[in-house]
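Trainee: structure03.cif is reproduced in full below (mmCIF, C-alpha atoms and all ligand atoms; chains and numbers go by the auth columns).
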data_run
loop_
_atom_site.group_PDB
_atom_site.id
_atom_site.type_symbol
_atom_site.label_atom_id
_atom_site.label_comp_id
_atom_site.label_asym_id
_atom_site.label_seq_id
_atom_site.Cartn_x
_atom_site.Cartn_y
_atom_site.Cartn_z
_atom_site.B_iso_or_equiv
_atom_site.auth_seq_id
_atom_site.auth_asym_id
ATOM 1 C CA MET A 1 0.000 0.000 0.000 0.00 1 O
ATOM 2 C CA SER A 2 1.302 3.456 -0.864 0.00 2 O
ATOM 3 C CA GLU A 3 1.939 5.892 1.944 0.00 3 O
ATOM 4 C CA SER A 4 -0.741 8.295 0.745 0.00 4 O
ATOM 5 C CA GLN A 5 -3.294 5.469 0.533 0.00 5 O
ATOM 6 C CA LEU A 6 -2.506 4.666 4.147 0.00 6 O
ATOM 7 C CA TRP A 7 -2.938 8.335 5.119 0.00 7 O
ATOM 8 C CA ASN A 8 -6.316 8.386 3.311 0.00 8 O
ATOM 9 C CA ASP A 9 -7.489 5.203 5.015 0.00 9 O
ATOM 10 C CA VAL A 10 -6.599 6.553 8.460 0.00 10 O
ATOM 11 C CA ASP A 11 -8.253 9.908 7.688 0.00 11 O
ATOM 12 C CA ASP A 12 -11.380 8.060 6.480 0.00 12 O
ATOM 13 C CA TYR A 13 -11.451 6.132 9.767 0.00 13 O
ATOM 14 C CA PHE A 14 -10.899 9.233 11.957 0.00 14 O
ATOM 15 C CA THR A 15 -13.422 11.262 9.975 0.00 15 O
ATOM 16 C CA ALA A 16 -16.195 8.663 9.954 0.00 16 O
ATOM 17 C CA LEU A 17 -15.749 8.254 13.698 0.00 17 O
ATOM 18 C CA LEU A 18 -15.111 11.800 14.943 0.00 18 O
ATOM 19 C CA SER A 19 -16.111 14.355 12.322 0.00 19 O
ATOM 20 C CA PRO A 20 -18.735 12.684 10.124 0.00 20 O
ATOM 21 C CA ALA A 21 -20.389 14.761 7.435 0.00 21 O
ATOM 22 C CA ASP A 22 -24.006 15.779 7.866 0.00 22 O
ATOM 23 C CA GLU A 23 -26.322 16.779 5.006 0.00 23 O
ATOM 24 C CA THR A 24 -25.337 20.448 5.264 0.00 24 O
ATOM 25 C CA LEU A 25 -21.601 19.813 4.959 0.00 25 O
ATOM 26 C CA THR A 26 -22.114 17.248 2.183 0.00 26 O
ATOM 27 C CA ALA A 27 -24.344 19.672 0.268 0.00 27 O
ATOM 28 C CA ALA A 28 -21.807 22.485 0.712 0.00 28 O
ATOM 29 C CA LEU A 29 -19.081 20.416 -0.919 0.00 29 O
ATOM 30 C CA ARG A 30 -21.437 19.069 -3.606 0.00 30 O
ATOM 31 C CA ASP A 31 -22.602 22.559 -4.618 0.00 31 O
ATOM 32 C CA SER A 32 -19.054 23.961 -4.460 0.00 32 O
ATOM 33 C CA ASP A 33 -17.947 21.203 -6.819 0.00 33 O
ATOM 34 C CA ALA A 34 -20.949 21.719 -9.123 0.00 34 O
ATOM 35 C CA ALA A 35 -20.054 25.426 -9.370 0.00 35 O
ATOM 36 C CA GLY A 36 -16.507 24.497 -10.394 0.00 36 O
ATOM 37 C CA LEU A 37 -14.763 25.629 -7.212 0.00 37 O
ATOM 38 C CA PRO A 38 -11.362 24.018 -6.578 0.00 38 O
ATOM 39 C CA LYS A 39 -11.358 21.220 -4.005 0.00 39 O
ATOM 40 C CA ILE A 40 -8.970 22.930 -1.611 0.00 40 O
ATOM 41 C CA ASN A 41 -11.227 23.158 1.440 0.00 41 O
ATOM 42 C CA VAL A 42 -9.938 21.860 4.755 0.00 42 O
ATOM 43 C CA ALA A 43 -10.446 18.142 5.414 0.00 43 O
ATOM 44 C CA PRO A 44 -13.352 17.222 7.730 0.00 44 O
ATOM 45 C CA ASN A 45 -11.072 16.389 10.648 0.00 45 O
ATOM 46 C CA GLN A 46 -9.252 19.693 10.121 0.00 46 O
ATOM 47 C CA GLY A 47 -12.613 21.497 10.074 0.00 47 O
ATOM 48 C CA LYS A 48 -13.434 19.801 13.361 0.00 48 O
ATOM 49 C CA LEU A 49 -10.045 20.887 14.731 0.00 49 O
ATOM 50 C CA LEU A 50 -10.810 24.507 13.807 0.00 50 O
ATOM 51 C CA GLN A 51 -14.197 24.182 15.490 0.00 51 O
ATOM 52 C CA LEU A 52 -12.649 22.713 18.646 0.00 52 O
ATOM 53 C CA LEU A 53 -9.978 25.416 18.769 0.00 53 O
ATOM 54 C CA ALA A 54 -12.633 28.118 18.414 0.00 54 O
ATOM 55 C CA ARG A 55 -14.641 26.475 21.209 0.00 55 O
ATOM 56 C CA ILE A 56 -11.564 26.154 23.437 0.00 56 O
ATOM 57 C CA GLN A 57 -11.033 29.875 22.813 0.00 57 O
ATOM 58 C CA GLY A 58 -14.615 30.537 23.897 0.00 58 O
ATOM 59 C CA ALA A 59 -14.757 32.482 20.649 0.00 59 O
ATOM 60 C CA ARG A 60 -17.671 34.863 20.104 0.00 60 O
ATOM 61 C CA ARG A 61 -16.147 36.581 17.095 0.00 61 O
ATOM 62 C CA ILE A 62 -14.232 34.876 14.295 0.00 62 O
ATOM 63 C CA LEU A 63 -12.415 36.332 11.292 0.00 63 O
ATOM 64 C CA GLU A 64 -11.595 34.172 8.251 0.00 64 O
ATOM 65 C CA ILE A 65 -9.461 35.181 5.278 0.00 65 O
ATOM 66 C CA GLY A 66 -10.237 32.890 2.304 0.00 66 O
ATOM 67 C CA THR A 67 -13.843 31.627 2.225 0.00 67 O
ATOM 68 C CA LEU A 68 -13.973 29.478 -0.925 0.00 68 O
ATOM 69 C CA GLY A 69 -17.406 27.769 -0.713 0.00 69 O
ATOM 70 C CA GLY A 70 -17.735 28.288 3.027 0.00 70 O
ATOM 71 C CA TYR A 71 -16.876 24.754 4.116 0.00 71 O
ATOM 72 C CA SER A 72 -14.374 25.799 6.819 0.00 72 O
ATOM 73 C CA THR A 73 -16.724 28.710 7.570 0.00 73 O
ATOM 74 C CA ILE A 74 -19.518 26.278 8.475 0.00 74 O
ATOM 75 C CA TRP A 75 -17.254 24.341 10.856 0.00 75 O
ATOM 76 C CA LEU A 76 -16.160 27.611 12.486 0.00 76 O
ATOM 77 C CA GLY A 77 -19.623 29.176 12.524 0.00 77 O
ATOM 78 C CA ARG A 78 -20.955 26.178 14.396 0.00 78 O
ATOM 79 C CA ALA A 79 -18.518 26.940 17.213 0.00 79 O
ATOM 80 C CA LEU A 80 -20.215 30.296 17.827 0.00 80 O
ATOM 81 C CA PRO A 81 -23.110 31.176 20.131 0.00 81 O
ATOM 82 C CA ALA A 82 -26.358 32.425 18.550 0.00 82 O
ATOM 83 C CA ASP A 83 -25.221 36.050 19.006 0.00 83 O
ATOM 84 C CA GLY A 84 -21.723 35.332 17.686 0.00 84 O
ATOM 85 C CA ARG A 85 -20.254 36.944 14.603 0.00 85 O
ATOM 86 C CA LEU A 86 -18.078 35.633 11.799 0.00 86 O
ATOM 87 C CA VAL A 87 -16.636 37.797 9.029 0.00 87 O
ATOM 88 C CA THR A 88 -15.064 35.967 6.103 0.00 88 O
ATOM 89 C CA PHE A 89 -13.212 37.539 3.154 0.00 89 O
ATOM 90 C CA GLU A 90 -13.316 36.165 -0.376 0.00 90 O
ATOM 91 C CA TYR A 91 -11.732 37.625 -3.499 0.00 91 O
ATOM 92 C CA ASP A 92 -13.834 35.717 -6.025 0.00 92 O
ATOM 93 C CA ALA A 93 -17.494 36.791 -6.405 0.00 93 O
ATOM 94 C CA THR A 94 -18.560 33.318 -7.601 0.00 94 O
ATOM 95 C CA HIS A 95 -16.942 31.633 -4.600 0.00 95 O
ATOM 96 C CA ALA A 96 -18.635 34.158 -2.312 0.00 96 O
ATOM 97 C CA GLU A 97 -22.069 33.496 -3.849 0.00 97 O
ATOM 98 C CA VAL A 98 -21.677 29.731 -3.413 0.00 98 O
ATOM 99 C CA ALA A 99 -20.512 30.310 0.160 0.00 99 O
ATOM 100 C CA ARG A 100 -23.500 32.513 0.978 0.00 100 O
ATOM 101 C CA ARG A 101 -25.913 29.815 -0.208 0.00 101 O
ATOM 102 C CA ASN A 102 -24.031 27.154 1.751 0.00 102 O
ATOM 103 C CA LEU A 103 -24.040 29.303 4.899 0.00 103 O
ATOM 104 C CA ALA A 104 -27.755 30.047 4.540 0.00 104 O
ATOM 105 C CA ARG A 105 -28.500 26.324 4.248 0.00 105 O
ATOM 106 C CA ALA A 106 -26.402 25.802 7.380 0.00 106 O
ATOM 107 C CA GLY A 107 -28.563 28.357 9.210 0.00 107 O
ATOM 108 C CA LEU A 108 -25.522 30.574 9.682 0.00 108 O
ATOM 109 C CA ASP A 109 -26.476 33.483 7.443 0.00 109 O
ATOM 110 C CA ARG A 110 -27.262 35.730 10.411 0.00 110 O
ATOM 111 C CA ILE A 111 -23.909 34.949 12.050 0.00 111 O
ATOM 112 C CA ALA A 112 -21.564 34.719 9.068 0.00 112 O
ATOM 113 C CA GLU A 113 -20.980 37.600 6.674 0.00 113 O
ATOM 114 C CA VAL A 114 -19.091 37.053 3.404 0.00 114 O
ATOM 115 C CA ARG A 115 -17.300 40.171 2.168 0.00 115 O
ATOM 116 C CA VAL A 116 -16.164 40.122 -1.465 0.00 116 O
ATOM 117 C CA GLY A 117 -12.899 41.640 -2.631 0.00 117 O
ATOM 118 C CA PRO A 118 -9.155 41.437 -2.086 0.00 118 O
ATOM 119 C CA ALA A 119 -8.632 40.864 1.639 0.00 119 O
ATOM 120 C CA LEU A 120 -5.981 43.586 1.770 0.00 120 O
ATOM 121 C CA GLU A 121 -8.718 46.065 0.787 0.00 121 O
ATOM 122 C CA SER A 122 -11.396 44.534 3.017 0.00 122 O
ATOM 123 C CA LEU A 123 -9.200 44.408 6.141 0.00 123 O
ATOM 124 C CA PRO A 124 -8.610 48.187 6.453 0.00 124 O
ATOM 125 C CA LYS A 125 -12.328 48.773 5.785 0.00 125 O
ATOM 126 C CA LEU A 126 -13.204 46.370 8.576 0.00 126 O
ATOM 127 C CA ALA A 127 -10.684 48.070 10.897 0.00 127 O
ATOM 128 C CA GLU A 128 -12.298 51.470 10.171 0.00 128 O
ATOM 129 C CA GLU A 129 -15.536 50.091 11.594 0.00 129 O
ATOM 130 C CA ASN A 130 -13.728 49.684 14.942 0.00 130 O
ATOM 131 C CA PRO A 131 -15.099 46.176 15.457 0.00 131 O
ATOM 132 C CA GLU A 132 -14.909 44.421 18.798 0.00 132 O
ATOM 133 C CA PRO A 133 -11.737 42.319 18.809 0.00 133 O
ATOM 134 C CA PHE A 134 -11.851 38.927 17.125 0.00 134 O
ATOM 135 C CA ASP A 135 -11.111 35.913 19.333 0.00 135 O
ATOM 136 C CA PHE A 136 -10.001 33.633 16.513 0.00 136 O
ATOM 137 C CA VAL A 137 -8.559 34.271 13.041 0.00 137 O
ATOM 138 C CA PHE A 138 -8.195 31.661 10.293 0.00 138 O
ATOM 139 C CA ILE A 139 -5.808 32.722 7.508 0.00 139 O
ATOM 140 C CA ASP A 140 -6.319 30.574 4.395 0.00 140 O
ATOM 141 C CA ALA A 141 -6.128 32.710 1.236 0.00 141 O
ATOM 142 C CA ASP A 142 -3.277 33.738 -1.089 0.00 142 O
ATOM 143 C CA LYS A 143 -0.127 32.612 0.694 0.00 143 O
ATOM 144 C CA VAL A 144 2.004 35.438 -0.691 0.00 144 O
ATOM 145 C CA ASN A 145 0.078 37.849 1.536 0.00 145 O
ATOM 146 C CA ASN A 146 0.380 35.788 4.714 0.00 146 O
ATOM 147 C CA PRO A 147 2.665 38.395 6.400 0.00 147 O
ATOM 148 C CA PRO A 148 0.222 41.326 6.056 0.00 148 O
ATOM 149 C CA TYR A 149 -2.630 38.994 7.029 0.00 149 O
ATOM 150 C CA VAL A 150 -0.835 38.155 10.277 0.00 150 O
ATOM 151 C CA GLU A 151 -0.198 41.892 10.860 0.00 151 O
ATOM 152 C CA TRP A 152 -3.880 42.688 10.313 0.00 152 O
ATOM 153 C CA ALA A 153 -4.908 39.793 12.523 0.00 153 O
ATOM 154 C CA LEU A 154 -2.822 41.351 15.302 0.00 154 O
ATOM 155 C CA LYS A 155 -4.593 44.695 14.858 0.00 155 O
ATOM 156 C CA LEU A 156 -8.036 43.090 14.958 0.00 156 O
ATOM 157 C CA THR A 157 -7.566 40.749 17.933 0.00 157 O
ATOM 158 C CA ARG A 158 -7.027 40.977 21.723 0.00 158 O
ATOM 159 C CA PRO A 159 -4.609 39.424 24.191 0.00 159 O
ATOM 160 C CA GLY A 160 -5.448 35.708 24.251 0.00 160 O
ATOM 161 C CA SER A 161 -6.774 35.535 20.691 0.00 161 O
ATOM 162 C CA LEU A 162 -5.665 32.668 18.461 0.00 162 O
ATOM 163 C CA ILE A 163 -4.419 32.970 14.884 0.00 163 O
ATOM 164 C CA VAL A 164 -4.283 29.867 12.651 0.00 164 O
ATOM 165 C CA VAL A 165 -2.423 29.902 9.324 0.00 165 O
ATOM 166 C CA ASP A 166 -3.187 27.048 6.895 0.00 166 O
ATOM 167 C CA ASN A 167 -0.906 25.313 4.389 0.00 167 O
ATOM 168 C CA VAL A 168 2.454 26.322 5.802 0.00 168 O
ATOM 169 C CA VAL A 169 4.472 23.291 4.612 0.00 169 O
ATOM 170 C CA ARG A 170 4.419 23.984 0.839 0.00 170 O
ATOM 171 C CA GLY A 171 5.448 20.406 0.016 0.00 171 O
ATOM 172 C CA GLY A 172 8.444 20.799 2.332 0.00 172 O
ATOM 173 C CA HIS A 173 9.814 23.824 0.477 0.00 173 O
ATOM 174 C CA VAL A 174 9.047 26.008 3.502 0.00 174 O
ATOM 175 C CA ALA A 175 12.424 24.854 4.866 0.00 175 O
ATOM 176 C CA ASP A 176 14.210 26.153 1.742 0.00 176 O
ATOM 177 C CA ALA A 177 15.603 29.596 2.563 0.00 177 O
ATOM 178 C CA GLY A 178 16.573 30.057 -1.090 0.00 178 O
ATOM 179 C CA SER A 179 13.134 29.362 -2.546 0.00 179 O
ATOM 180 C CA THR A 180 11.862 31.917 -5.042 0.00 180 O
ATOM 181 C CA ASP A 181 8.280 30.579 -4.922 0.00 181 O
ATOM 182 C CA PRO A 182 6.149 33.544 -3.760 0.00 182 O
ATOM 183 C CA SER A 183 3.898 31.266 -1.639 0.00 183 O
ATOM 184 C CA VAL A 184 6.943 29.767 0.095 0.00 184 O
ATOM 185 C CA ARG A 185 8.449 33.199 0.654 0.00 185 O
ATOM 186 C CA GLY A 186 5.160 34.598 1.980 0.00 186 O
ATOM 187 C CA THR A 187 4.742 31.654 4.321 0.00 187 O
ATOM 188 C CA ARG A 188 8.339 31.858 5.586 0.00 188 O
ATOM 189 C CA ALA A 189 7.986 35.593 6.163 0.00 189 O
ATOM 190 C CA ALA A 190 4.770 35.036 8.122 0.00 190 O
ATOM 191 C CA LEU A 191 6.401 32.367 10.285 0.00 191 O
ATOM 192 C CA GLU A 192 9.414 34.631 10.865 0.00 192 O
ATOM 193 C CA LEU A 193 7.064 37.451 11.819 0.00 193 O
ATOM 194 C CA ILE A 194 5.322 35.175 14.338 0.00 194 O
ATOM 195 C CA ALA A 195 8.702 34.085 15.713 0.00 195 O
ATOM 196 C CA ALA A 196 10.050 37.616 16.091 0.00 196 O
ATOM 197 C CA HIS A 197 6.926 39.434 17.227 0.00 197 O
ATOM 198 C CA PRO A 198 6.920 40.375 20.924 0.00 198 O
ATOM 199 C CA ARG A 199 3.125 39.932 21.115 0.00 199 O
ATOM 200 C CA LEU A 200 2.940 36.487 19.501 0.00 200 O
ATOM 201 C CA SER A 201 3.807 32.988 20.649 0.00 201 O
ATOM 202 C CA GLY A 202 3.545 30.386 17.939 0.00 202 O
ATOM 203 C CA THR A 203 4.330 26.963 16.595 0.00 203 O
ATOM 204 C CA ALA A 204 3.941 25.044 13.326 0.00 204 O
ATOM 205 C CA ILE A 205 2.868 21.451 12.809 0.00 205 O
ATOM 206 C CA GLN A 206 3.238 19.146 9.804 0.00 206 O
ATOM 207 C CA THR A 207 0.258 16.983 8.898 0.00 207 O
ATOM 208 C CA VAL A 208 -0.501 14.048 6.583 0.00 208 O
ATOM 209 C CA GLY A 209 -3.916 12.841 5.520 0.00 209 O
ATOM 210 C CA SER A 210 -6.533 13.182 2.806 0.00 210 O
ATOM 211 C CA LYS A 211 -5.007 16.520 1.805 0.00 211 O
ATOM 212 C CA GLY A 212 -1.571 14.949 1.389 0.00 212 O
ATOM 213 C CA TYR A 213 1.429 16.337 3.214 0.00 213 O
ATOM 214 C CA ASP A 214 0.729 19.777 4.671 0.00 214 O
ATOM 215 C CA GLY A 215 0.563 21.660 7.956 0.00 215 O
ATOM 216 C CA PHE A 216 -0.576 24.700 9.857 0.00 216 O
ATOM 217 C CA ALA A 217 0.785 27.316 12.222 0.00 217 O
ATOM 218 C CA LEU A 218 -0.820 28.482 15.465 0.00 218 O
ATOM 219 C CA ALA A 219 -0.059 31.759 17.185 0.00 219 O
ATOM 220 C CA ARG A 220 -1.469 33.145 20.413 0.00 220 O
ATOM 221 C CA VAL A 221 -1.652 36.882 20.984 0.00 221 O
ATOM 222 C CA LEU A 222 0.149 37.506 24.268 0.00 222 O
ATOM 223 C CA ASP A 223 -1.250 39.392 27.234 0.00 223 O
HETATM 224 N N1 LIG B . -10.999 28.263 3.907 0.00 1 C
HETATM 225 C C1 LIG B . -11.557 27.513 2.785 0.00 1 C
HETATM 226 C C2 LIG B . -10.559 27.367 1.665 0.00 1 C
HETATM 227 C C3 LIG B . -10.046 28.677 1.123 0.00 1 C
HETATM 228 S S1 LIG B . -9.202 28.451 -0.413 0.00 1 C
HETATM 229 C C4 LIG B . -11.946 26.124 3.291 0.00 1 C
HETATM 230 O O1 LIG B . -11.090 25.480 3.899 0.00 1 C
HETATM 231 O O2 LIG B . -13.079 25.676 3.040 0.00 1 C
HETATM 232 C C5 LIG B . -8.566 30.045 -0.620 0.00 1 C
HETATM 233 C C6 LIG B . -9.613 31.096 -1.022 0.00 1 C
HETATM 234 O O3 LIG B . -8.983 32.366 -0.894 0.00 1 C
HETATM 235 C C7 LIG B . -10.092 30.984 -2.478 0.00 1 C
HETATM 236 O O4 LIG B . -11.494 30.953 -2.546 0.00 1 C
HETATM 237 C C8 LIG B . -9.548 32.249 -3.122 0.00 1 C
HETATM 238 O O5 LIG B . -10.405 32.793 -4.118 0.00 1 C
HETATM 239 C C9 LIG B . -9.431 33.189 -1.939 0.00 1 C
HETATM 240 N N2 LIG B . -8.467 34.266 -2.139 0.00 1 C
HETATM 241 C C10 LIG B . -7.314 34.229 -2.842 0.00 1 C
HETATM 242 N N3 LIG B . -6.707 35.409 -2.800 0.00 1 C
HETATM 243 C C11 LIG B . -7.477 36.233 -2.056 0.00 1 C
HETATM 244 C C12 LIG B . -7.391 37.591 -1.659 0.00 1 C
HETATM 245 N N4 LIG B . -6.362 38.361 -2.013 0.00 1 C
HETATM 246 N N5 LIG B . -8.376 38.101 -0.885 0.00 1 C
HETATM 247 C C13 LIG B . -9.412 37.324 -0.493 0.00 1 C
HETATM 248 N N6 LIG B . -9.552 36.037 -0.845 0.00 1 C
HETATM 249 C C14 LIG B . -8.601 35.494 -1.621 0.00 1 C
HETATM 250 C C1 LIG B . -4.448 25.306 -1.846 0.00 2 C
HETATM 251 C C2 LIG B . -4.960 26.245 -0.970 0.00 2 C
HETATM 252 C C3 LIG B . -5.408 25.872 0.267 0.00 2 C
HETATM 253 O O1 LIG B . -5.907 26.774 1.153 0.00 2 C
HETATM 254 C C4 LIG B . -5.356 24.543 0.660 0.00 2 C
HETATM 255 O O2 LIG B . -5.789 24.216 1.901 0.00 2 C
HETATM 256 C C5 LIG B . -4.862 23.600 -0.201 0.00 2 C
HETATM 257 C C6 LIG B . -4.404 23.984 -1.472 0.00 2 C
HETATM 258 C C7 LIG B . -3.968 25.698 -3.195 0.00 2 C
HETATM 259 O O3 LIG B . -4.021 26.900 -3.497 0.00 2 C
HETATM 260 O O4 LIG B . -3.587 24.833 -3.939 0.00 2 C
HETATM 261 MG MG MG B . -6.046 25.970 3.124 0.00 3 C
#
Using structure tokens, write down the structure that the file contains.
Ligand code: SAH
Ligand code: DHB
Ligand code: MG
Mentor:
Amino acid sequence: MSESQLWNDVDDYFTALLSPADETLTAALRDSDAAGLPKINVAPNQGKLLQLLARIQGARRILEIGTLGGYSTIWLGRALPADGRLVTFEYDATHAEVARRNLARAGLDRIAEVRVGPALESLPKLAEENPEPFDFVFIDADKVNNPPYVEWALKLTRPGSLIVVDNVVRGGHVADAGSTDPSVRGTRAALELIAAHPRLSGTAIQTVGSKGYDGFALARVLD
């Protein structure tokens, strides 16, 4: 058996047991696929991890950068109380439309707001609204902009907030200081920012599973 087949089998087992799909999640992926969206959503057990982390945070307000069809958004939105708030940024108007339908079907349309446009334009607009600090931020969009996304996350959070950055392994190239790949460079710069920042304490973890070889970084905003 190939290594990746083994990883898939174990993920299938974990997922069926601990993060099984319901009709809403299944429909979200089905409609995302039907609309031609790329299948780059988090895996179900990763979605459940995001939900657990948000719950552990006691999150009432969540910010997401990179909505796609709203699959991770549904996992995160379900961690929130009825008066919670989730703002998610999506560059692509088609993705955002699919996400809005998926969130409405999930009963999250009053909690989760999809804002269309480049996140680096949406973030300053959001900041101008002087929102209450976000308790949890999930960064999962264009990797080249990971450093400014971490900087904005810091501006929009509070001591104790948690920032999660997806897809930090880049097939292992993240360890290559000489890489010219913009996604690798953006990811390295974001990790270096987390490492050097006096108000952040972070780590990064490699993962295997249905999404292949990948990983994520976690950073806590210090008191
Ligand atoms: N979080 C989603 C997956 C997001 S995929 C999930 O796990 O279900 C990354 C998304 O980021 C894509 O939909 C892409 O269109 C969007 N994106 C890329 N660049 C962006 C930008 N500059 N601003 C906002 N969204 C962007
Ligand atoms: C890609 C993006 C993601 O956010 C992800 O989780 C997997 C793949 C991509 O752009 O290929
Ligand atoms: Mg991702």
Trainee: Check what the PyMOL selection byres (((not hetatm)) within 6 of (chain C and resi 3)) selects in the file above and give those residues as an mmCIF file with C-alpha atoms, keeping the file's coordinate frame.
Mentor:
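File written: part.cif
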data_model
loop_
_atom_site.group_PDB
_atom_site.id
_atom_site.type_symbol
_atom_site.label_atom_id
_atom_site.label_comp_id
_atom_site.auth_asym_id
_atom_site.auth_seq_id
_atom_site.Cartn_x
_atom_site.Cartn_y
_atom_site.Cartn_z
ATOM 1 C CA VAL O 42 -9.938 21.860 4.755
ATOM 2 C CA ASP O 140 -6.319 30.574 4.395
ATOM 3 C CA ASP O 166 -3.187 27.048 6.895
ATOM 4 C CA ASN O 167 -0.906 25.313 4.389
#
Trainee: Since I can't run it myself right now, could you work out what the PyMOL selection byres (((chain O and resi 189) around 12) and not hetatm) selects here and report it as a JSON list (two decimals) with C-alpha atoms, in the frame of the given file?
Mentor:
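File result27.json, as written:
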[["chain", "number", "residue", "atom", "x", "y", "z"],
["O", 143, "LYS", "CA", -0.13, 32.61, 0.69],
["O", 144, "VAL", "CA", 2.00, 35.44, -0.69],
["O", 145, "ASN", "CA", 0.08, 37.85, 1.54],
["O", 146, "ASN", "CA", 0.38, 35.79, 4.71],
["O", 147, "PRO", "CA", 2.66, 38.40, 6.40],
["O", 148, "PRO", "CA", 0.22, 41.33, 6.06],
["O", 149, "TYR", "CA", -2.63, 38.99, 7.03],
["O", 150, "VAL", "CA", -0.84, 38.16, 10.28],
["O", 151, "GLU", "CA", -0.20, 41.89, 10.86],
["O", 168, "VAL", "CA", 2.45, 26.32, 5.80],
["O", 174, "VAL", "CA", 9.05, 26.01, 3.50],
["O", 175, "ALA", "CA", 12.42, 24.85, 4.87],
["O", 177, "ALA", "CA", 15.60, 29.60, 2.56],
["O", 179, "SER", "CA", 13.13, 29.36, -2.55],
["O", 182, "PRO", "CA", 6.15, 33.54, -3.76],
["O", 183, "SER", "CA", 3.90, 31.27, -1.64],
["O", 184, "VAL", "CA", 6.94, 29.77, 0.10],
["O", 185, "ARG", "CA", 8.45, 33.20, 0.65],
["O", 186, "GLY", "CA", 5.16, 34.60, 1.98],
["O", 187, "THR", "CA", 4.74, 31.65, 4.32],
["O", 188, "ARG", "CA", 8.34, 31.86, 5.59],
["O", 190, "ALA", "CA", 4.77, 35.04, 8.12],
["O", 191, "LEU", "CA", 6.40, 32.37, 10.28],
["O", 192, "GLU", "CA", 9.41, 34.63, 10.86],
["O", 193, "LEU", "CA", 7.06, 37.45, 11.82],
["O", 194, "ILE", "CA", 5.32, 35.17, 14.34],
["O", 195, "ALA", "CA", 8.70, 34.08, 15.71],
["O", 196, "ALA", "CA", 10.05, 37.62, 16.09],
["O", 197, "HIS", "CA", 6.93, 39.43, 17.23]]
Trainee: Report as a PyMOL selection string all protein, DNA and RNA residues lying within 12 Å of Gly36 in chain O, evaluated on all atoms listed in the file, omitting residues in the same chain fewer than 2 positions from it.
Mentor: chain O and resi 29-34+38-40+68-69+94-95+98
Trainee: Could you tell me how far CA of His173 in chain O sits from atom C14 of ligand LIG 1 (chain C), in Å to one decimal place?
Mentor: 21.9 Å
Trainee: Using the chain letters and numbers from the file, which residues does the PyMOL selection byres (((chain O and resi 119) around 8) and not hetatm) grab, as a list in words?
Mentor: Ile65, Phe89, Glu90, Tyr91, Gly117, Pro118, Leu120, Glu121, Ser122 and Leu123 of chain O
Trainee: Could you save those same residues with C-alpha atoms as a PDB file, in the frame of the given file?
Mentor:
ATOM      1  CA  ILE O  65      -9.461  35.181   5.278  1.00  0.00           C
ATOM      2  CA  PHE O  89     -13.212  37.539   3.154  1.00  0.00           C
ATOM      3  CA  GLU O  90     -13.316  36.165  -0.376  1.00  0.00           C
ATOM      4  CA  TYR O  91     -11.732  37.625  -3.499  1.00  0.00           C
ATOM      5  CA  GLY O 117     -12.899  41.640  -2.631  1.00  0.00           C
ATOM      6  CA  PRO O 118      -9.155  41.437  -2.086  1.00  0.00           C
ATOM      7  CA  LEU O 120      -5.981  43.586   1.770  1.00  0.00           C
ATOM      8  CA  GLU O 121      -8.718  46.065   0.787  1.00  0.00           C
ATOM      9  CA  SER O 122     -11.396  44.534   3.017  1.00  0.00           C
ATOM     10  CA  LEU O 123      -9.200  44.408   6.141  1.00  0.00           C
TER      11      LEU O 123
END
Trainee: May I ask which of the residues O:Ala217, O:Ala59, O:Ile74, O:Leu17 is the closest one to Val169 in chain O, counting all atoms listed in the file?
Mentor: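 Ranking O:Ala217, O:Ala59, O:Ile74, O:Leu17 by distance to Val169 in chain O, first place goes to O:Ala217.
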Trainee: Between O:Arg115, O:Arg101, O:Arg220, O:Arg170, which is the closest to ligand LIG 2 (chain C) once you count all atoms listed in the file?
Mentor: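 When distances to ligand LIG 2 (chain C) are compared using all atoms listed in the file, the smallest one comes from O:Arg170.
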Trainee: So what do you get for atom C5 of ligand LIG 2 (chain C) versus CA of Lys211 in chain O, distance-wise?
Mentor: 7.4 Å
Trainee: Any idea what's packed within 7 Å of Gly209 in chain O, counting all atoms listed in the file, ignoring anything in its chain fewer than 6 positions away? Could you give it as a list of chain:residue names?
Mentor: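 So the residues in contact are O:Trp7, O:Asn8, O:Asp11.
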Trainee: CA of Ile139 in chain O and CA of Ala204 in chain O, how far apart in Å?
Mentor: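 Between these atoms lies a distance of 13.7 Å.
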Trainee: Which residue gives the smallest distance to ligand LIG 2 (chain C) among O:Tyr13, O:Trp75, O:Trp152, O:Tyr213, with only C-alpha atoms and all ligand atoms counted?
Mentor: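 Of the candidates, the smallest distance to ligand LIG 2 (chain C) is held by O:Tyr213.
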Trainee: Would you mind telling me which residue in O:Val165, O:Leu108, O:Leu52, O:Ala153 lies nearest to ligand LIG 1 (chain C) when using all atoms listed in the file?
Mentor: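 Between O:Val165, O:Leu108, O:Leu52, O:Ala153, the residue approaching ligand LIG 1 (chain C) most closely is O:Val165.
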Trainee: Could you pull out every residue with an atom within 8 Å of (-17.7, 25.1, 16.8), file coordinates, counting only C-alpha atoms, and send them as a PDB file with C-alpha atoms, in the coordinates of the input?
Mentor:
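Writing done, so here's part13.pdb:
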ATOM      1  CA  LYS O  48     -13.434  19.801  13.361  1.00  0.00           C
ATOM      2  CA  LEU O  50     -10.810  24.507  13.807  1.00  0.00           C
ATOM      3  CA  GLN O  51     -14.197  24.182  15.490  1.00  0.00           C
ATOM      4  CA  LEU O  52     -12.649  22.713  18.646  1.00  0.00           C
ATOM      5  CA  LEU O  53      -9.978  25.416  18.769  1.00  0.00           C
ATOM      6  CA  ALA O  54     -12.633  28.118  18.414  1.00  0.00           C
ATOM      7  CA  ARG O  55     -14.641  26.475  21.209  1.00  0.00           C
ATOM      8  CA  TRP O  75     -17.254  24.341  10.856  1.00  0.00           C
ATOM      9  CA  LEU O  76     -16.160  27.611  12.486  1.00  0.00           C
ATOM     10  CA  GLY O  77     -19.623  29.176  12.524  1.00  0.00           C
ATOM     11  CA  ARG O  78     -20.955  26.178  14.396  1.00  0.00           C
ATOM     12  CA  ALA O  79     -18.518  26.940  17.213  1.00  0.00           C
ATOM     13  CA  LEU O  80     -20.215  30.296  17.827  1.00  0.00           C
TER      14      LEU O  80
END
